[in-house]
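Asks: Pasting data31.txt below, which is compact mmCIF, C-alpha atoms.
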```
# COMPACT_ATOMS: atom_id res chain seq x y z
CA MET A 1 16.17 -19.44 3.82
CA ASN A 2 15.87 -20.99 0.35
CA ILE A 3 12.82 -19.22 -1.01
CA ALA A 4 13.47 -19.95 -4.68
CA SER A 5 13.17 -23.70 -4.14
CA ARG A 6 9.53 -23.20 -3.06
CA LEU A 7 8.51 -21.32 -6.20
CA LEU A 8 7.58 -22.67 -9.62
CA ARG A 9 8.95 -19.42 -11.07
CA PRO A 10 11.82 -17.89 -9.08
CA ALA A 11 10.67 -14.26 -8.93
CA TRP A 12 9.41 -12.83 -5.67
CA LEU A 13 8.73 -9.76 -3.51
CA GLU A 14 9.89 -9.98 0.11
CA ILE A 15 7.63 -8.23 2.64
CA ASP A 16 8.65 -7.48 6.23
CA LEU A 17 5.74 -8.11 8.59
CA ASP A 18 7.73 -6.95 11.63
CA ALA A 19 8.24 -3.56 9.97
CA ALA A 20 4.49 -3.11 9.50
CA ALA A 21 3.87 -3.98 13.14
CA GLU A 22 6.54 -1.55 14.35
CA ASN A 23 5.19 1.25 12.17
CA LEU A 24 1.74 0.77 13.70
CA ARG A 25 3.29 0.99 17.16
CA SER A 26 4.99 4.23 16.10
CA VAL A 27 1.59 5.67 15.18
CA ARG A 28 0.25 4.66 18.58
CA ARG A 29 3.12 6.42 20.33
CA LEU A 30 2.36 9.57 18.34
CA VAL A 31 -1.40 9.74 18.77
CA GLY A 32 -1.79 8.23 22.24
CA ALA A 33 -4.03 5.54 23.63
CA GLU A 34 -7.11 7.74 23.67
CA ARG A 35 -7.43 8.11 19.89
CA LYS A 36 -8.69 5.44 17.54
CA ILE A 37 -6.42 4.22 14.75
CA PHE A 38 -8.14 3.22 11.51
CA ALA A 39 -5.38 1.26 9.73
CA VAL A 40 -5.76 1.94 6.00
CA LEU A 41 -5.49 -0.91 3.48
CA LYS A 42 -6.11 0.93 0.21
CA ALA A 43 -4.69 -0.35 -3.09
CA ASP A 44 -4.32 -3.94 -1.83
CA GLY A 45 -2.47 -2.75 1.24
CA TYR A 46 -0.34 -0.39 -0.86
CA GLY A 47 0.73 -3.33 -3.00
CA PHE A 48 1.84 -5.57 -0.13
CA GLY A 49 -1.39 -7.54 0.26
CA ALA A 50 -4.42 -6.14 2.04
CA ARG A 51 -5.27 -9.47 3.60
CA GLU A 52 -1.83 -10.15 5.05
CA MET A 53 -1.39 -6.56 6.22
CA ALA A 54 -4.82 -6.64 7.86
CA GLU A 55 -3.74 -9.60 9.95
CA VAL A 56 -0.69 -7.66 11.18
CA PHE A 57 -2.67 -4.55 12.08
CA VAL A 58 -5.37 -6.54 13.89
CA ALA A 59 -2.72 -8.37 15.91
CA HIS A 60 -0.78 -5.24 16.86
CA GLY A 61 -3.33 -2.79 18.13
CA ALA A 62 -5.37 -1.16 15.37
CA ASP A 63 -8.81 -0.06 16.59
CA ALA A 64 -10.40 -0.46 13.16
CA LEU A 65 -9.52 -1.24 9.56
CA ALA A 66 -10.27 0.89 6.50
CA PHE A 67 -10.57 -0.55 3.00
CA ALA A 68 -11.29 1.02 -0.35
CA ASP A 69 -12.00 -2.35 -1.98
CA LEU A 70 -15.30 -3.77 -0.76
CA THR A 71 -14.21 -7.29 -1.73
CA ASP A 72 -11.22 -7.11 0.60
CA ALA A 73 -13.41 -5.73 3.39
CA VAL A 74 -15.86 -8.62 2.97
CA TRP A 75 -12.97 -11.09 3.00
CA ALA A 76 -11.63 -9.62 6.25
CA ARG A 77 -15.00 -10.05 7.92
CA GLN A 78 -15.32 -13.60 6.59
CA GLN A 79 -11.94 -14.43 8.14
CA GLY A 80 -13.30 -13.55 11.54
CA VAL A 81 -12.01 -10.00 11.96
CA SER A 82 -14.18 -8.52 14.69
CA LEU A 83 -12.81 -4.96 14.59
CA PRO A 84 -14.93 -2.23 13.00
CA ILE A 85 -14.28 -2.11 9.25
CA LEU A 86 -14.75 1.19 7.44
CA VAL A 87 -15.21 1.07 3.68
CA PHE A 88 -14.13 4.16 1.77
CA PRO A 89 -16.25 5.26 -1.22
CA ASN A 90 -15.49 2.92 -4.12
CA SER A 91 -18.68 1.06 -5.04
CA LEU A 92 -22.26 1.62 -6.12
CA PRO A 93 -25.26 1.97 -3.78
CA ALA A 94 -26.48 -1.37 -5.17
CA THR A 95 -23.86 -3.09 -2.99
CA ALA A 96 -25.61 -1.91 0.19
CA ALA A 97 -26.91 -5.41 0.94
CA HIS A 98 -23.36 -6.81 0.96
CA VAL A 99 -22.14 -4.03 3.23
CA ILE A 100 -24.98 -4.65 5.64
CA ALA A 101 -24.68 -8.44 5.57
CA HIS A 102 -21.02 -8.29 6.60
CA ARG A 103 -21.45 -5.60 9.26
CA LEU A 104 -19.27 -3.08 7.45
CA ILE A 105 -19.38 0.70 7.87
CA PRO A 106 -20.01 2.49 4.56
CA THR A 107 -18.72 5.98 3.86
CA ILE A 108 -21.55 8.00 2.34
CA THR A 109 -20.90 10.88 -0.04
CA ASP A 110 -24.38 12.18 -0.90
CA LEU A 111 -28.01 12.03 0.13
CA ASP A 112 -29.12 9.71 -2.68
CA GLU A 113 -26.60 7.11 -1.53
CA ALA A 114 -27.83 7.51 2.04
CA HIS A 115 -31.40 6.81 0.94
CA ALA A 116 -30.23 3.56 -0.71
CA TYR A 117 -28.64 2.38 2.53
CA SER A 118 -31.64 3.48 4.57
CA ALA A 119 -33.95 1.45 2.33
CA ALA A 120 -31.75 -1.64 2.61
CA ALA A 121 -31.21 -1.49 6.37
CA ARG A 122 -33.35 -3.71 8.58
CA GLU A 123 -31.74 -2.54 11.82
CA PRO A 124 -29.63 0.53 12.72
CA LEU A 125 -26.67 0.72 10.33
CA GLU A 126 -23.63 2.72 11.34
CA VAL A 127 -22.45 5.04 8.57
CA PHE A 128 -19.72 7.62 8.10
CA VAL A 129 -20.20 10.72 5.96
CA LYS A 130 -17.28 12.16 4.01
CA VAL A 131 -16.79 15.92 3.68
CA ASP A 132 -14.81 17.39 0.78
CA SER A 133 -12.74 20.06 2.55
CA GLY A 134 -10.66 21.05 -0.47
CA LEU A 135 -9.30 17.96 -2.22
CA GLU A 136 -12.13 18.31 -4.77
CA ARG A 137 -12.69 14.60 -5.04
CA LEU A 138 -15.18 12.55 -3.03
CA GLY A 139 -17.55 13.82 -0.38
CA VAL A 140 -20.24 16.35 0.45
CA THR A 141 -18.95 19.87 -0.15
CA ALA A 142 -18.08 21.66 3.07
CA GLU A 143 -20.62 24.41 2.36
CA GLN A 144 -23.50 21.89 2.15
CA ALA A 145 -22.22 19.36 4.67
CA VAL A 146 -24.10 20.41 7.81
CA LYS A 147 -27.47 20.37 6.07
CA VAL A 148 -26.79 17.09 4.26
CA ILE A 149 -25.38 15.29 7.32
CA ILE A 150 -28.37 16.32 9.43
CA ALA A 151 -30.68 14.91 6.75
CA ILE A 152 -28.68 11.65 6.63
CA ALA A 153 -28.72 11.32 10.43
CA GLU A 154 -32.52 11.61 10.40
CA LEU A 155 -33.06 8.78 7.89
CA PRO A 156 -34.63 5.64 9.34
CA GLY A 157 -32.26 2.73 9.75
CA LEU A 158 -29.09 4.82 9.79
CA ARG A 159 -26.91 5.80 12.72
CA LEU A 160 -24.20 8.43 12.27
CA GLY A 161 -20.96 6.82 13.41
CA GLY A 162 -18.52 9.41 12.19
CA VAL A 163 -17.67 12.28 9.89
CA CYS A 164 -14.43 12.16 7.95
CA THR A 165 -12.40 14.09 5.42
CA HIS A 166 -9.18 13.63 3.47
CA LEU A 167 -6.99 16.71 3.67
CA HIS A 168 -4.78 17.52 0.70
CA PRO A 169 -1.22 17.92 2.08
CA ALA A 170 0.28 19.59 -1.05
CA GLY A 171 3.83 19.66 0.30
CA ALA A 172 2.58 20.07 3.87
CA ASP A 173 2.04 23.82 3.56
CA ARG A 174 0.71 24.78 7.01
CA ALA A 175 -1.58 27.60 5.82
CA TYR A 176 -3.21 25.37 3.21
CA ILE A 177 -3.64 22.53 5.69
CA ASP A 178 -5.17 24.89 8.24
CA TRP A 179 -7.60 26.31 5.66
CA GLN A 180 -8.90 22.83 4.82
CA PHE A 181 -8.94 21.71 8.43
CA GLY A 182 -10.82 24.85 9.42
CA ARG A 183 -13.51 24.10 6.84
CA PHE A 184 -13.89 20.62 8.29
CA THR A 185 -14.01 21.70 11.93
CA SER A 186 -16.59 24.33 10.99
CA VAL A 187 -18.80 21.49 9.79
CA LEU A 188 -18.28 19.65 13.08
CA GLU A 189 -19.12 22.83 15.01
CA GLY A 190 -22.27 23.32 12.94
CA LEU A 191 -23.37 19.77 13.68
CA ALA A 192 -22.72 20.23 17.40
CA ALA A 193 -24.76 23.45 17.38
CA ALA A 194 -27.61 21.52 15.77
CA GLY A 195 -27.43 18.84 18.46
CA VAL A 196 -26.01 16.13 16.16
CA GLU A 197 -23.55 13.86 17.95
CA VAL A 198 -20.51 12.77 15.92
CA PRO A 199 -18.81 9.86 17.71
CA VAL A 200 -15.76 9.65 15.40
CA LYS A 201 -14.12 12.72 13.91
CA LEU A 202 -11.51 11.70 11.37
CA ALA A 203 -9.17 13.98 9.40
CA ALA A 204 -5.52 12.96 9.87
CA SER A 205 -4.01 10.61 7.28
CA SER A 206 -0.28 9.81 7.24
CA PRO A 207 1.15 13.24 6.31
CA LEU A 208 -1.01 14.87 8.96
CA VAL A 209 -0.19 12.27 11.60
CA MET A 210 3.50 12.84 10.98
CA GLN A 211 3.56 16.63 10.78
CA HIS A 212 0.31 18.28 11.95
CA ARG A 213 -0.72 16.99 15.35
CA HIS A 214 -3.45 19.60 15.71
CA THR A 215 -5.46 17.66 13.08
CA TYR A 216 -5.68 14.43 15.12
CA LEU A 217 -9.18 15.03 16.59
CA ASN A 218 -10.32 11.76 18.19
CA ALA A 219 -9.24 9.35 15.41
CA VAL A 220 -6.61 9.04 12.67
CA ASP A 221 -6.40 6.97 9.49
CA PRO A 222 -2.73 6.39 8.61
CA GLY A 223 -1.91 4.68 5.33
CA SER A 224 1.49 5.10 3.69
CA MET A 225 3.40 5.51 6.97
CA LEU A 226 2.27 2.04 8.09
CA TYR A 227 4.18 0.65 5.12
CA GLY A 228 7.35 2.60 5.86
CA LEU A 229 7.24 5.18 3.10
CA PRO A 230 8.88 8.24 4.73
CA SER A 231 9.58 9.90 1.39
CA SER A 232 5.81 10.39 1.10
CA PHE A 233 6.21 13.44 3.32
CA GLY A 234 7.59 16.90 2.61
CA THR A 235 9.85 16.82 5.66
CA PRO A 236 11.54 13.90 7.44
CA PRO A 237 9.23 11.80 9.63
CA THR A 238 9.13 12.63 13.32
CA VAL A 239 9.43 8.93 14.20
CA PRO A 240 11.51 6.22 12.54
CA LEU A 241 9.67 4.14 9.97
CA ARG A 242 10.77 0.74 8.73
CA PRO A 243 10.16 -0.12 5.07
CA VAL A 244 7.81 -3.05 4.58
CA LEU A 245 9.35 -3.62 1.15
CA ARG A 246 12.43 -5.69 1.94
CA ALA A 247 13.44 -6.81 -1.55
CA LEU A 248 12.44 -7.74 -5.09
CA LYS A 249 14.38 -10.78 -6.24
CA ALA A 250 14.73 -13.42 -8.90
CA CYS A 251 17.18 -16.16 -9.85
CA LEU A 252 19.37 -16.63 -12.87
CA ILE A 253 17.69 -19.22 -15.09
CA HIS A 254 20.19 -19.10 -17.95
CA VAL A 255 23.87 -18.15 -18.26
CA LYS A 256 26.02 -18.25 -21.39
CA ASP A 257 29.03 -16.65 -23.08
CA LEU A 258 28.60 -14.41 -26.12
CA LEU A 259 31.33 -13.86 -28.68
CA PRO A 260 32.01 -10.38 -30.09
CA ARG A 261 29.53 -9.48 -32.80
CA GLU A 262 30.12 -7.02 -35.63
CA ARG A 263 27.66 -8.05 -38.34
CA PHE A 264 24.22 -6.45 -37.91
CA ALA A 265 25.44 -4.77 -34.75
CA ALA A 266 23.05 -1.86 -35.26
CA GLU A 267 20.05 -4.17 -35.52
CA ALA A 268 20.98 -6.35 -32.52
CA PRO A 269 19.26 -5.89 -29.14
CA PHE A 270 22.52 -4.58 -27.65
CA PRO A 271 26.15 -4.27 -28.80
CA VAL A 272 28.65 -7.03 -28.05
CA PRO A 273 32.01 -5.41 -28.83
CA ALA A 274 33.93 -7.92 -26.70
CA ARG A 275 33.37 -11.32 -25.16
CA MET A 276 30.41 -11.11 -22.76
CA ARG A 277 28.80 -13.34 -20.16
CA LEU A 278 25.00 -13.09 -20.36
CA GLY A 279 22.45 -13.91 -17.68
CA ILE A 280 18.66 -14.15 -17.85
CA ILE A 281 16.14 -13.67 -15.03
CA PRO A 282 12.46 -14.71 -15.31
CA MET A 283 10.99 -11.28 -14.70
CA GLY A 284 9.87 -8.88 -17.42
CA THR A 285 7.44 -6.15 -18.31
CA ALA A 286 4.54 -8.52 -17.60
CA ASP A 287 5.71 -8.41 -13.99
CA GLY A 288 6.08 -4.62 -13.90
CA MET A 289 9.82 -4.60 -14.59
CA ALA A 290 9.53 -1.66 -16.96
CA THR A 291 9.32 0.60 -13.89
CA LEU A 292 10.89 -1.67 -11.26
CA HIS A 293 14.60 -1.42 -12.00
CA ASP A 294 17.40 1.08 -11.62
CA GLY A 295 19.28 -0.07 -14.73
CA ARG A 296 21.28 -2.53 -12.64
CA VAL A 297 20.86 -5.60 -10.44
CA LEU A 298 22.98 -7.28 -7.78
CA VAL A 299 24.56 -10.67 -8.34
CA ARG A 300 26.92 -12.19 -5.79
CA GLY A 301 27.13 -8.81 -4.08
CA ARG A 302 28.20 -6.95 -7.23
CA GLU A 303 26.34 -4.51 -9.44
CA VAL A 304 25.76 -5.62 -13.03
CA PRO A 305 23.91 -3.66 -15.75
CA ILE A 306 20.61 -4.57 -17.33
CA LEU A 307 20.97 -5.02 -21.08
CA ALA A 308 18.49 -3.51 -23.57
CA GLY A 309 15.69 -3.20 -21.04
CA PRO A 310 13.22 -5.86 -19.90
CA SER A 311 11.29 -7.91 -22.44
CA LEU A 312 7.84 -9.36 -21.79
CA GLU A 313 8.90 -12.34 -19.68
CA HIS A 314 12.63 -11.93 -19.13
CA THR A 315 15.39 -9.45 -18.40
CA ARG A 316 18.97 -9.73 -19.65
CA VAL A 317 21.90 -8.81 -17.40
CA ASP A 318 25.60 -8.43 -18.18
CA LEU A 319 27.51 -10.91 -15.99
CA THR A 320 30.91 -10.21 -17.48
CA ALA A 321 32.13 -8.70 -14.20
CA VAL A 322 30.84 -11.73 -12.28
CA PRO A 323 32.44 -14.68 -14.10
CA ASP A 324 31.57 -17.09 -11.28
CA ALA A 325 27.79 -16.45 -11.61
CA ARG A 326 25.78 -19.60 -12.17
CA VAL A 327 22.20 -20.69 -12.87
CA GLY A 328 20.25 -20.53 -9.62
CA ASP A 329 22.14 -17.54 -8.21
CA GLU A 330 19.96 -14.98 -6.44
CA VAL A 331 19.52 -11.68 -8.29
CA VAL A 332 18.42 -8.60 -6.33
CA VAL A 333 16.45 -6.09 -8.38
CA ILE A 334 15.57 -3.97 -5.34
CA GLY A 335 17.12 -4.43 -1.92
CA ARG A 336 20.41 -5.38 -0.33
CA GLN A 337 22.89 -8.11 -1.14
CA GLY A 338 26.05 -8.16 0.94
CA GLU A 339 27.32 -4.59 1.21
CA ALA A 340 25.61 -3.45 -1.99
CA GLU A 341 22.09 -2.03 -2.16
CA ILE A 342 19.56 -0.81 -4.71
CA PRO A 343 17.00 1.17 -2.67
CA PRO A 344 13.36 1.59 -3.71
CA SER A 345 13.94 5.36 -3.76
CA ALA A 346 16.44 4.95 -6.62
CA VAL A 347 13.87 3.04 -8.65
CA ALA A 348 11.16 5.60 -7.87
CA ALA A 349 13.43 8.47 -8.90
CA ARG A 350 14.46 6.80 -12.16
CA HIS A 351 10.87 6.23 -13.26
CA ARG A 352 9.30 9.28 -11.58
CA LEU A 353 7.10 7.15 -9.38
CA ALA A 354 5.37 8.27 -6.22
CA PRO A 355 7.01 6.66 -3.15
CA HIS A 356 4.19 4.13 -2.90
CA GLY A 357 4.36 3.43 -6.63
CA VAL A 358 7.22 0.92 -6.45
CA ALA A 359 5.35 -1.85 -4.62
CA LEU A 360 2.18 -1.03 -6.58
CA SER A 361 4.11 -1.67 -9.82
CA VAL A 362 4.87 -5.28 -8.84
CA ARG A 363 2.29 -7.34 -10.70
CA GLU A 364 0.16 -9.93 -8.96
CA ARG A 365 1.87 -12.88 -10.63
CA VAL A 366 5.11 -12.13 -8.76
CA ALA A 367 5.08 -14.27 -5.61
CA ARG A 368 4.73 -12.48 -2.27
CA VAL A 369 6.95 -13.83 0.50
CA TYR A 370 6.04 -12.67 4.02
CA LEU A 371 8.85 -12.62 6.56
CA SER A 372 9.26 -12.16 10.29
CA GLY A 373 12.96 -11.71 10.87
CA GLU A 374 14.51 -14.33 8.62
CA GLN A 375 11.58 -16.71 9.08
CA VAL A 376 9.19 -17.24 6.18
CA VAL A 377 5.68 -16.84 7.56
CA SER A 378 3.80 -17.48 4.32
CA VAL A 379 4.21 -17.47 0.55
CA ARG A 380 1.42 -16.28 -1.74
CA THR A 381 1.33 -17.18 -5.41
CA ARG A 382 -1.51 -17.41 -7.90
CA LEU A 383 -1.90 -21.04 -6.79
CA GLY A 384 -2.74 -19.90 -3.28
CA THR A 385 -1.02 -19.23 0.04
CA THR A 386 1.23 -21.68 1.89
CA SER A 387 2.56 -21.28 5.40
CA GLY A 388 6.24 -20.97 6.16
CA GLY A 389 8.37 -22.81 8.64
CA PRO A 390 11.89 -23.20 9.99
CA THR A 391 13.01 -25.09 6.91
CA ALA A 392 11.39 -22.77 4.36
```
Would you write out, as structure tokens, the structure that this file holds?

Replies:
Amino acid sequence: MNIASRLLRPAWLEIDLDAAAENLRSVRRLVGAERKIFAVLKADGYGFGAREMAEVFVAHGADALAFADLTDAVWARQQGVSLPILVFPNSLPATAAHVIAHRLIPTITDLDEAHAYSAAAREPLEVFVKVDSGLERLGVTAEQAVKVIIAIAELPGLRLGGVCTHLHPAGADRAYIDWQFGRFTSVLEGLAAAGVEVPVKLAASSPLVMQHRHTYLNAVDPGSMLYGLPSSFGTPPTVPLRPVLRALKACLIHVKDLLPRERFAAEAPFPVPARMRLGIIPMGTADGMATLHDGRVLVRGREVPILAGPSLEHTRVDLTAVPDARVGDEVVVIGRQGEAEIPPSAVAARHRLAPHGVALSVRERVARVYLSGEQVVSVRTRLGTTSGGPTA
């Protein structure tokens, strides 16, 4: 599998499509066949590519997709995705025509927004309404929700498809979760008492799916667990999760020997007290390297230190302990090489990143390589996407 030979710049992120599929199946085993799974593709599929991840989830049993980026949701529909597509709040009411034209389901957060959709609709438009149960972010406040949702459901052109919330896990404290969940279910009970039917009741995101089964209701919207981020949770996951992030890699593009340097040693980028072998990889702060390394990389199965930190386009590494290293050798920034490994958790800890922050730090210009087993399925660069094959 010679990936570097297919890239104009040998720097790439390897993404495991089989892991994403297996994680979705794990969710299904947890929640059962009777509940709907809204597979969440926020933040460009948590940094792995919303479009590619959407294809995996559609193929492996998601009941619906959920996007925060309206552009990605429109793209999914244009590609022929027939599943329901929920769009989380992230755009202005002026985009209502685009939502309607592509048969998307908007998430409404206030009555003014509902009026905009009602005015734009020419036939019944399914909408969700979001309730703020305690996160203090988006949504109708729980205290006002019953009144507001009833008013939305009565607007011409709108059909209430669901009511959702996003519970704040805060370390998965059960009492805090239950307080928020109770506020949400009180809204649902108030709507039922008023004779308002709510087809989809949605509260359980990944931390809740993993640890609080009583919050499932009749639908769930997992995000981070689909991408194999178990450290997102306060306690170990109840099912095994496979990381979608397989590796971040580059190749050596320059190797040379440095002689000991004494003059201007204090002003130099790094000290050279003895003969040193220097290597350069084509990945720097412009690629996100400032927060994507653990101070070391792997070359020929051995750990070597990064020297002086990444620069804009390049990163220096000390190859003195690997005298046989040559231009073209694979360099692992994150991942496994032989028996050695630099896990994403080490990088996250070093830079105080959230568990999902590692993949999100990889800039768009780094090529994305999508794998099934050892087979390259596709390669995405800024020039476009190419399919893989047995000889890739």

Asks: Taking every listed atom of range 299-305 of chain A and adding 4 Å to each side, what centre and edge lengths in Å (one decimal) does the axis-aligned box have, as AutoDock Vina command-line options?

Replies:
```
--center_x 26.1 --center_y -7.9 --center_z -9.9 --size_x 12.3 --size_y 16.5 --size_z 19.7
```

Asks: Show me, as a PyMOL selection string, the residues that have an atom within 7 Å of Ala21 in chain A when counting all atoms listed in the file, minus same-chain residues fewer than 4 positions from it.

Replies: chain A and resi 17+25+56-57+60

Asks: Each residue of range 187-294 of chain A lying at most 12 Å from range 354-359 of chain A should get a row with its shortest atom-to-atom pair and the distance in Å to one decimal, counting all atoms listed in the file; could you produce that, ordered by chain and increasing number, as CSV?

Replies:
```
residue,atom,partner,partner_atom,distance
A:Gly223,CA,A:His356,CA,10.3
A:Ser224,CA,A:His356,CA,7.2
A:Met225,CA,A:His356,CA,10.0
A:Leu226,CA,A:His356,CA,11.4
A:Tyr227,CA,A:His356,CA,8.7
A:Gly228,CA,A:His356,CA,9.4
A:Leu229,CA,A:Pro355,CA,6.4
A:Pro230,CA,A:Pro355,CA,8.3
A:Ser231,CA,A:Pro355,CA,6.1
A:Ser232,CA,A:Pro355,CA,5.8
A:Phe233,CA,A:Pro355,CA,9.4
A:Gly234,CA,A:Pro355,CA,11.8
A:Pro243,CA,A:His356,CA,10.8
A:Val244,CA,A:Ala359,CA,9.6
A:Leu245,CA,A:Ala359,CA,7.2
A:Arg246,CA,A:Ala359,CA,10.4
A:Ala247,CA,A:Ala359,CA,10.0
A:Leu248,CA,A:Ala359,CA,9.2
A:Asp287,CA,A:Ala359,CA,11.4
A:Gly288,CA,A:Val358,CA,9.4
A:Met289,CA,A:Val358,CA,10.2
A:Ala290,CA,A:Val358,CA,11.1
A:Thr291,CA,A:Val358,CA,7.7
A:Leu292,CA,A:Val358,CA,6.6
A:His293,CA,A:Val358,CA,9.5
A:Asp294,CA,A:Val358,CA,11.4
```

Asks: So that I can check the surroundings of Ile85 in chain A, please list as a PyMOL selection string every protein, DNA and RNA residue that reaches within 12 Å of it, counting all atoms listed in the file and ignoring chain neighbours fewer than 4 positions away.

Replies: chain A and resi 37-41+54+58+62-70+72-78+80-81+99-100+102-107+126-128+161

Asks: Hey, which of A:Asp18, A:Ala151, A:Glu52, A:Phe181 ends up closest to Gln79 in chain A? Count only C-alpha atoms.

Replies: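 Of A:Asp18, A:Ala151, A:Glu52, A:Phe181, the one nearest Gln79 in chain A is A:Glu52, counting only C-alpha atoms.
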
Asks: Restricting the calculation to all atoms listed in the file, which member of A:Leu307, A:Leu158, A:Thr141, A:Val146 is positioned closest to Tyr117 in chain A?

Replies: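 That would be A:Leu158, the residue with the smallest distance to Tyr117 in chain A.
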
Asks: In Å to one decimal, how far is CA of Ile3 in chain A from CA of Pro305 in chain A?

Replies: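 Between CA of Pro305 in chain A and CA of Ile3 in chain A the gap is 24.1 Å.
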
Asks: Which neighbours of Thr385 in chain A fall inside 12 Å, counting only C-alpha atoms, when residues of the same chain fewer than 3 positions from it are skipped, and could you give them as a tab-separated table (two decimals) with C-alpha atoms, in the frame of the given file?

Replies:
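Once written, out-v1.tsv looks like this:
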```
chain	number	residue	atom	x	y	z
A	6	ARG	CA	9.53	-23.20	-3.06
A	7	LEU	CA	8.51	-21.32	-6.20
A	49	GLY	CA	-1.39	-7.54	0.26
A	51	ARG	CA	-5.27	-9.47	3.60
A	52	GLU	CA	-1.83	-10.15	5.05
A	367	ALA	CA	5.08	-14.27	-5.61
A	368	ARG	CA	4.73	-12.48	-2.27
A	369	VAL	CA	6.95	-13.83	0.50
A	370	TYR	CA	6.04	-12.67	4.02
A	377	VAL	CA	5.68	-16.84	7.56
A	378	SER	CA	3.80	-17.48	4.32
A	379	VAL	CA	4.21	-17.47	0.55
A	380	ARG	CA	1.42	-16.28	-1.74
A	381	THR	CA	1.33	-17.18	-5.41
A	382	ARG	CA	-1.51	-17.41	-7.90
A	388	GLY	CA	6.24	-20.97	6.16
```
